[in-house]
>>> print(open('data30.txt').read())   # compact mmCIF, N, CA and C atoms
# COMPACT_ATOMS: atom_id res chain seq x y z
N MET A 4 -4.99 13.27 8.58
CA MET A 4 -3.57 13.37 8.36
C MET A 4 -3.26 12.92 6.93
N LYS A 5 -2.30 13.56 6.31
CA LYS A 5 -1.84 13.17 4.99
C LYS A 5 -0.59 12.30 5.17
N ILE A 6 -0.62 11.12 4.55
CA ILE A 6 0.49 10.18 4.69
C ILE A 6 1.02 9.83 3.31
N GLY A 7 2.32 10.02 3.11
CA GLY A 7 2.98 9.64 1.87
C GLY A 7 3.69 8.32 2.06
N ILE A 8 3.45 7.40 1.13
CA ILE A 8 4.05 6.07 1.22
C ILE A 8 4.81 5.79 -0.07
N ASP A 9 6.08 5.49 0.06
CA ASP A 9 6.88 5.09 -1.09
C ASP A 9 6.39 3.72 -1.57
N ILE A 10 6.39 3.49 -2.85
CA ILE A 10 5.91 2.23 -3.40
C ILE A 10 7.00 1.16 -3.34
N ASP A 11 8.14 1.44 -3.94
CA ASP A 11 9.17 0.42 -4.14
C ASP A 11 9.88 0.04 -2.85
N ASP A 12 9.82 -1.24 -2.54
CA ASP A 12 10.46 -1.84 -1.37
C ASP A 12 9.90 -1.32 -0.05
N THR A 13 8.76 -0.65 -0.12
CA THR A 13 8.03 -0.26 1.07
C THR A 13 6.71 -1.01 1.11
N ILE A 14 6.00 -1.01 -0.01
CA ILE A 14 4.76 -1.79 -0.09
C ILE A 14 4.82 -2.90 -1.13
N VAL A 15 5.77 -2.82 -2.07
CA VAL A 15 5.99 -3.92 -3.02
C VAL A 15 7.46 -4.33 -3.00
N ASP A 16 7.70 -5.60 -3.33
CA ASP A 16 9.06 -6.15 -3.33
C ASP A 16 9.73 -5.91 -4.67
N LEU A 17 10.20 -4.71 -4.90
CA LEU A 17 10.88 -4.40 -6.16
C LEU A 17 12.28 -5.00 -6.19
N ALA A 18 13.04 -4.87 -5.13
CA ALA A 18 14.43 -5.35 -5.13
C ALA A 18 14.51 -6.84 -5.39
N GLY A 19 13.62 -7.62 -4.81
CA GLY A 19 13.65 -9.07 -5.01
C GLY A 19 13.44 -9.44 -6.47
N VAL A 20 12.48 -8.81 -7.11
CA VAL A 20 12.20 -9.09 -8.52
C VAL A 20 13.33 -8.55 -9.39
N MET A 21 13.82 -7.37 -9.05
CA MET A 21 14.92 -6.77 -9.80
C MET A 21 16.16 -7.68 -9.78
N LEU A 22 16.48 -8.21 -8.61
CA LEU A 22 17.64 -9.08 -8.49
C LEU A 22 17.44 -10.40 -9.22
N LYS A 23 16.21 -10.89 -9.28
CA LYS A 23 15.91 -12.10 -10.05
C LYS A 23 16.27 -11.89 -11.52
N TYR A 24 15.81 -10.78 -12.08
CA TYR A 24 16.09 -10.50 -13.49
C TYR A 24 17.54 -10.09 -13.72
N ALA A 25 18.16 -9.46 -12.76
CA ALA A 25 19.58 -9.11 -12.89
C ALA A 25 20.42 -10.37 -13.01
N GLU A 26 20.06 -11.38 -12.26
CA GLU A 26 20.78 -12.66 -12.32
C GLU A 26 20.62 -13.29 -13.71
N ILE A 27 19.42 -13.25 -14.24
CA ILE A 27 19.17 -13.78 -15.59
C ILE A 27 19.96 -12.99 -16.63
N PHE A 28 19.91 -11.68 -16.54
CA PHE A 28 20.63 -10.82 -17.48
C PHE A 28 22.13 -11.10 -17.43
N ASP A 29 22.67 -11.19 -16.23
CA ASP A 29 24.11 -11.39 -16.08
C ASP A 29 24.56 -12.74 -16.63
N THR A 30 23.79 -13.78 -16.35
CA THR A 30 24.21 -15.12 -16.78
C THR A 30 23.85 -15.42 -18.23
N GLU A 31 22.64 -15.06 -18.64
CA GLU A 31 22.19 -15.44 -19.98
C GLU A 31 22.56 -14.43 -21.06
N PHE A 32 22.46 -13.15 -20.77
CA PHE A 32 22.74 -12.13 -21.77
C PHE A 32 24.23 -11.80 -21.82
N LEU A 33 24.84 -11.63 -20.64
CA LEU A 33 26.26 -11.26 -20.60
C LEU A 33 27.19 -12.47 -20.53
N GLY A 34 26.64 -13.65 -20.24
CA GLY A 34 27.45 -14.87 -20.19
C GLY A 34 28.40 -14.93 -19.01
N ARG A 35 28.01 -14.31 -17.91
CA ARG A 35 28.85 -14.29 -16.71
C ARG A 35 28.30 -15.26 -15.66
N ILE A 36 28.80 -15.17 -14.46
CA ILE A 36 28.44 -16.16 -13.43
C ILE A 36 27.39 -15.65 -12.43
N GLY A 37 26.81 -14.51 -12.66
CA GLY A 37 25.84 -13.98 -11.71
C GLY A 37 26.56 -13.35 -10.53
N CYS A 38 25.80 -13.11 -9.48
CA CYS A 38 26.41 -12.45 -8.32
C CYS A 38 27.04 -13.48 -7.38
N ASN A 39 26.98 -14.76 -7.77
CA ASN A 39 27.66 -15.81 -7.03
C ASN A 39 27.21 -15.90 -5.57
N GLY A 40 25.90 -15.74 -5.36
CA GLY A 40 25.34 -15.87 -4.02
C GLY A 40 25.55 -14.69 -3.11
N ASN A 41 25.96 -13.56 -3.63
CA ASN A 41 26.26 -12.39 -2.80
C ASN A 41 25.07 -11.45 -2.64
N PHE A 42 23.83 -11.94 -2.79
CA PHE A 42 22.66 -11.09 -2.66
C PHE A 42 22.64 -10.38 -1.32
N GLY A 43 23.08 -11.02 -0.28
CA GLY A 43 23.04 -10.43 1.05
C GLY A 43 23.95 -9.22 1.20
N LEU A 44 24.93 -9.09 0.33
CA LEU A 44 25.87 -7.98 0.44
C LEU A 44 25.25 -6.66 0.01
N ILE A 45 24.45 -6.70 -1.03
CA ILE A 45 23.85 -5.48 -1.56
C ILE A 45 22.40 -5.79 -1.91
N GLN A 46 21.47 -5.27 -1.16
CA GLN A 46 20.05 -5.55 -1.40
C GLN A 46 19.33 -4.38 -2.06
N ASN A 47 20.04 -3.52 -2.73
CA ASN A 47 19.42 -2.34 -3.29
C ASN A 47 19.70 -2.30 -4.78
N ARG A 48 18.66 -2.12 -5.56
CA ARG A 48 18.80 -2.14 -7.03
C ARG A 48 19.72 -1.05 -7.55
N TYR A 49 19.97 0.00 -6.76
CA TYR A 49 20.83 1.07 -7.23
C TYR A 49 22.29 0.66 -7.26
N TYR A 50 22.60 -0.49 -6.70
CA TYR A 50 23.98 -0.96 -6.65
C TYR A 50 24.23 -2.15 -7.58
N LEU A 51 23.41 -2.29 -8.60
CA LEU A 51 23.57 -3.42 -9.51
C LEU A 51 24.94 -3.42 -10.17
N GLU A 52 25.44 -2.26 -10.52
CA GLU A 52 26.77 -2.18 -11.14
C GLU A 52 27.83 -2.77 -10.22
N ALA A 53 27.77 -2.43 -8.95
CA ALA A 53 28.76 -2.94 -8.00
C ALA A 53 28.58 -4.43 -7.74
N LEU A 54 27.34 -4.87 -7.60
CA LEU A 54 27.07 -6.26 -7.29
C LEU A 54 27.52 -7.18 -8.42
N TYR A 55 27.26 -6.78 -9.64
CA TYR A 55 27.57 -7.63 -10.79
C TYR A 55 28.81 -7.20 -11.56
N GLY A 56 29.39 -6.07 -11.23
CA GLY A 56 30.54 -5.59 -11.97
C GLY A 56 30.16 -5.10 -13.36
N TRP A 57 28.94 -4.59 -13.50
CA TRP A 57 28.48 -4.10 -14.79
C TRP A 57 29.01 -2.71 -15.08
N SER A 58 29.19 -2.45 -16.35
CA SER A 58 29.48 -1.08 -16.78
C SER A 58 28.16 -0.30 -16.75
N ARG A 59 28.27 0.99 -16.87
CA ARG A 59 27.07 1.84 -16.90
C ARG A 59 26.19 1.44 -18.09
N GLU A 60 26.80 1.15 -19.22
CA GLU A 60 26.06 0.76 -20.42
C GLU A 60 25.33 -0.56 -20.20
N GLU A 61 26.00 -1.51 -19.53
CA GLU A 61 25.35 -2.80 -19.24
C GLU A 61 24.16 -2.62 -18.31
N LYS A 62 24.30 -1.74 -17.33
CA LYS A 62 23.17 -1.47 -16.44
C LYS A 62 22.00 -0.88 -17.23
N TYR A 63 22.28 0.06 -18.12
CA TYR A 63 21.21 0.65 -18.92
C TYR A 63 20.56 -0.40 -19.81
N GLU A 64 21.35 -1.29 -20.37
CA GLU A 64 20.81 -2.37 -21.20
C GLU A 64 19.90 -3.28 -20.37
N PHE A 65 20.32 -3.58 -19.15
CA PHE A 65 19.48 -4.38 -18.25
C PHE A 65 18.12 -3.71 -18.06
N PHE A 66 18.14 -2.42 -17.72
CA PHE A 66 16.88 -1.72 -17.49
C PHE A 66 16.04 -1.66 -18.76
N ASN A 67 16.66 -1.47 -19.91
CA ASN A 67 15.92 -1.45 -21.17
C ASN A 67 15.23 -2.78 -21.42
N GLN A 68 15.90 -3.88 -21.08
CA GLN A 68 15.34 -5.20 -21.35
C GLN A 68 14.34 -5.67 -20.30
N TYR A 69 14.55 -5.33 -19.04
CA TYR A 69 13.80 -5.98 -17.97
C TYR A 69 12.95 -5.07 -17.08
N TYR A 70 13.11 -3.78 -17.15
CA TYR A 70 12.43 -2.90 -16.19
C TYR A 70 10.91 -3.08 -16.22
N LYS A 71 10.33 -3.17 -17.40
CA LYS A 71 8.88 -3.35 -17.50
C LYS A 71 8.46 -4.66 -16.86
N LYS A 72 9.18 -5.74 -17.11
CA LYS A 72 8.86 -7.03 -16.50
C LYS A 72 8.96 -6.96 -14.98
N VAL A 73 9.98 -6.30 -14.51
CA VAL A 73 10.17 -6.15 -13.06
C VAL A 73 8.96 -5.47 -12.45
N LEU A 74 8.54 -4.36 -13.03
CA LEU A 74 7.39 -3.62 -12.49
C LEU A 74 6.11 -4.44 -12.55
N GLU A 75 5.94 -5.22 -13.62
CA GLU A 75 4.74 -6.03 -13.77
C GLU A 75 4.67 -7.16 -12.76
N GLU A 76 5.81 -7.65 -12.32
CA GLU A 76 5.84 -8.80 -11.42
C GLU A 76 5.93 -8.46 -9.94
N CYS A 77 6.07 -7.20 -9.61
CA CYS A 77 6.16 -6.83 -8.20
C CYS A 77 4.89 -7.23 -7.46
N GLU A 78 5.06 -7.79 -6.29
CA GLU A 78 3.93 -8.17 -5.45
C GLU A 78 3.97 -7.38 -4.16
N PHE A 79 2.80 -7.20 -3.58
CA PHE A 79 2.73 -6.48 -2.32
C PHE A 79 3.44 -7.24 -1.21
N LEU A 80 4.10 -6.50 -0.36
CA LEU A 80 4.72 -7.08 0.82
C LEU A 80 3.64 -7.49 1.81
N GLU A 81 3.97 -8.43 2.66
CA GLU A 81 3.02 -8.96 3.63
C GLU A 81 2.41 -7.82 4.47
N ASN A 82 1.12 -7.83 4.57
CA ASN A 82 0.32 -6.89 5.37
C ASN A 82 0.27 -5.46 4.82
N ALA A 83 0.91 -5.19 3.70
CA ALA A 83 0.93 -3.81 3.18
C ALA A 83 -0.48 -3.31 2.87
N ILE A 84 -1.27 -4.11 2.20
CA ILE A 84 -2.62 -3.69 1.83
C ILE A 84 -3.47 -3.45 3.07
N GLU A 85 -3.36 -4.36 4.03
CA GLU A 85 -4.17 -4.23 5.25
C GLU A 85 -3.80 -2.98 6.04
N VAL A 86 -2.52 -2.69 6.14
CA VAL A 86 -2.07 -1.50 6.88
C VAL A 86 -2.54 -0.23 6.19
N ILE A 87 -2.41 -0.17 4.88
CA ILE A 87 -2.85 1.01 4.13
C ILE A 87 -4.36 1.17 4.25
N ARG A 88 -5.08 0.08 4.12
CA ARG A 88 -6.54 0.14 4.25
C ARG A 88 -6.94 0.64 5.65
N ASP A 89 -6.25 0.16 6.68
CA ASP A 89 -6.53 0.59 8.05
C ASP A 89 -6.27 2.09 8.22
N LEU A 90 -5.16 2.57 7.67
CA LEU A 90 -4.85 4.00 7.75
C LEU A 90 -5.93 4.82 7.05
N LYS A 91 -6.36 4.35 5.91
CA LYS A 91 -7.41 5.05 5.14
C LYS A 91 -8.73 5.04 5.91
N ASP A 92 -9.08 3.87 6.48
CA ASP A 92 -10.33 3.75 7.24
C ASP A 92 -10.35 4.67 8.46
N LYS A 93 -9.19 5.03 8.96
CA LYS A 93 -9.10 5.92 10.12
C LYS A 93 -9.14 7.39 9.71
N GLY A 94 -9.41 7.64 8.42
CA GLY A 94 -9.60 9.01 7.95
C GLY A 94 -8.37 9.67 7.37
N ASN A 95 -7.29 8.94 7.23
CA ASN A 95 -6.07 9.52 6.67
C ASN A 95 -6.15 9.59 5.15
N GLU A 96 -5.49 10.57 4.58
CA GLU A 96 -5.32 10.65 3.12
C GLU A 96 -4.01 9.96 2.79
N ILE A 97 -4.06 9.06 1.82
CA ILE A 97 -2.88 8.29 1.44
C ILE A 97 -2.38 8.77 0.08
N PHE A 98 -1.09 9.06 0.00
CA PHE A 98 -0.45 9.46 -1.25
C PHE A 98 0.70 8.50 -1.53
N PHE A 99 0.74 7.98 -2.73
CA PHE A 99 1.81 7.06 -3.10
C PHE A 99 2.92 7.83 -3.80
N ILE A 100 4.14 7.55 -3.41
CA ILE A 100 5.31 8.26 -3.89
C ILE A 100 6.20 7.29 -4.67
N THR A 101 6.71 7.74 -5.80
CA THR A 101 7.60 6.88 -6.57
C THR A 101 8.58 7.71 -7.38
N ALA A 102 9.70 7.12 -7.66
CA ALA A 102 10.68 7.73 -8.55
C ALA A 102 10.74 6.95 -9.86
N ARG A 103 9.71 6.15 -10.11
CA ARG A 103 9.67 5.37 -11.35
C ARG A 103 9.69 6.30 -12.54
N LEU A 104 10.31 5.80 -13.58
CA LEU A 104 10.46 6.60 -14.79
C LEU A 104 9.16 6.67 -15.57
N GLU A 105 8.99 7.75 -16.28
CA GLU A 105 7.85 7.86 -17.18
C GLU A 105 8.08 6.94 -18.35
N ARG A 106 7.02 6.59 -19.03
CA ARG A 106 7.08 5.62 -20.11
C ARG A 106 8.15 5.94 -21.17
N ASN A 107 8.27 7.17 -21.57
CA ASN A 107 9.18 7.53 -22.67
C ASN A 107 10.47 8.21 -22.20
N SER A 108 10.73 8.18 -20.92
CA SER A 108 11.95 8.86 -20.46
C SER A 108 13.17 7.98 -20.66
N LYS A 109 14.31 8.60 -20.72
CA LYS A 109 15.57 7.85 -20.86
C LYS A 109 16.12 7.55 -19.48
N LEU A 110 16.82 6.44 -19.37
CA LEU A 110 17.45 6.08 -18.10
C LEU A 110 18.67 6.91 -17.85
>>> encode(input="data30.txt", output="structure tokens")
Amino acid sequence: MKIGIDIDDTIVDLAGVMLKYAEIFDTEFLGRIGCNGNFGLIQNRYYLEALYGWSREEKYEFFNQYYKKVLEECEFLENAIEVIRDLKDKGNEIFFITARLERNSKL
């Protein structure tokens, strides 16, 4: 069987790392108060503008400054490696799926 697995927030914790850096960007770069503990309201990186009240330009600046760091710091979610290895050992073909940007693409 061929199995496609999304990378972000399926096998690695992208949102957690993204929100960590969004908090830093909001408080240190923009001089604001952060999301004020409202992480539970929006757990998806696509809603950073709404969570922090950022303009589109501020969101793009965040990604320009932190996206590489976010990707470098992502860690596998608990049991992700073991589950994928088990699927592979059972004869399945594993394909990883992502919408991550290419190195030179614009946001």
>>> select_by_dssp(input="data30.txt", residues="chain A", states="strand (DSSP E)", output="PyMOL selection string")
chain A and resi 5-9+96-100
>>> select_by_dssp(input="data30.txt", residues="region 4-55 of chain A", states="alpha helix (DSSP H)", output="MDAnalysis selection string")
chainID A and resid 17:27 51:55
>>> axis_aligned_box(input="data30.txt", around="region 77-82 of chain A", padding_each_side="5 Å", output="AutoDock Vina command-line options")
--center_x 3.2 --center_y -7.2 --center_z -2.1 --size_x 15.9 --size_y 13.5 --size_z 25.0
>>> closest_residue(input="data30.txt", among="A:Cys38, A:Ile8, A:Ile87, A:Ala53", to="Phe99 (chain A)", atoms="all atoms listed in the file")
A:Ile8
>>> atom_distance(input="data30.txt", atom1="atom N of Phe65 (chain A)", atom2="atom N of Asp16 (chain A)")
20.3 Å
>>> atom_distance(input="data30.txt", atom1="CA of Ala83 (chain A)", atom2="CA of Met4 (chain A)")
18.5 Å
>>> closest_residue(input="data30.txt", among="A:Phe28, A:Ala18, A:Gly94, A:Lys23", to="Leu80 (chain A)", atoms="only C-alpha atoms")
A:Ala18
>>> atom_distance(input="data30.txt", atom1="CA of Lys72 (chain A)", atom2="CA of Met21 (chain A)")
9.0 Å
>>> residues_around(input="data30.txt", residues="Gly7 (chain A)", least_positions_apart="3", cutoff="8 Å", atoms="all atoms listed in the file", output="PyMOL selection string")
chain A and resi 4+10+96-100
>>> closest_residue(input="data30.txt", among="A:Cys77, A:Leu54, A:Leu33, A:Ile6", to="Val20 (chain A)", atoms="all atoms listed in the file")
A:Cys77
>>> closest_residue(input="data30.txt", among="A:Val15, A:Ala102, A:Ile36, A:Ala25", to="Tyr69 (chain A)", atoms="only N, CA and C atoms")
A:Ala25
>>> closest_residue(input="data30.txt", among="A:Ile27, A:Arg88, A:Ser58, A:Val73", to="Arg103 (chain A)", atoms="only C-alpha atoms")
A:Val73
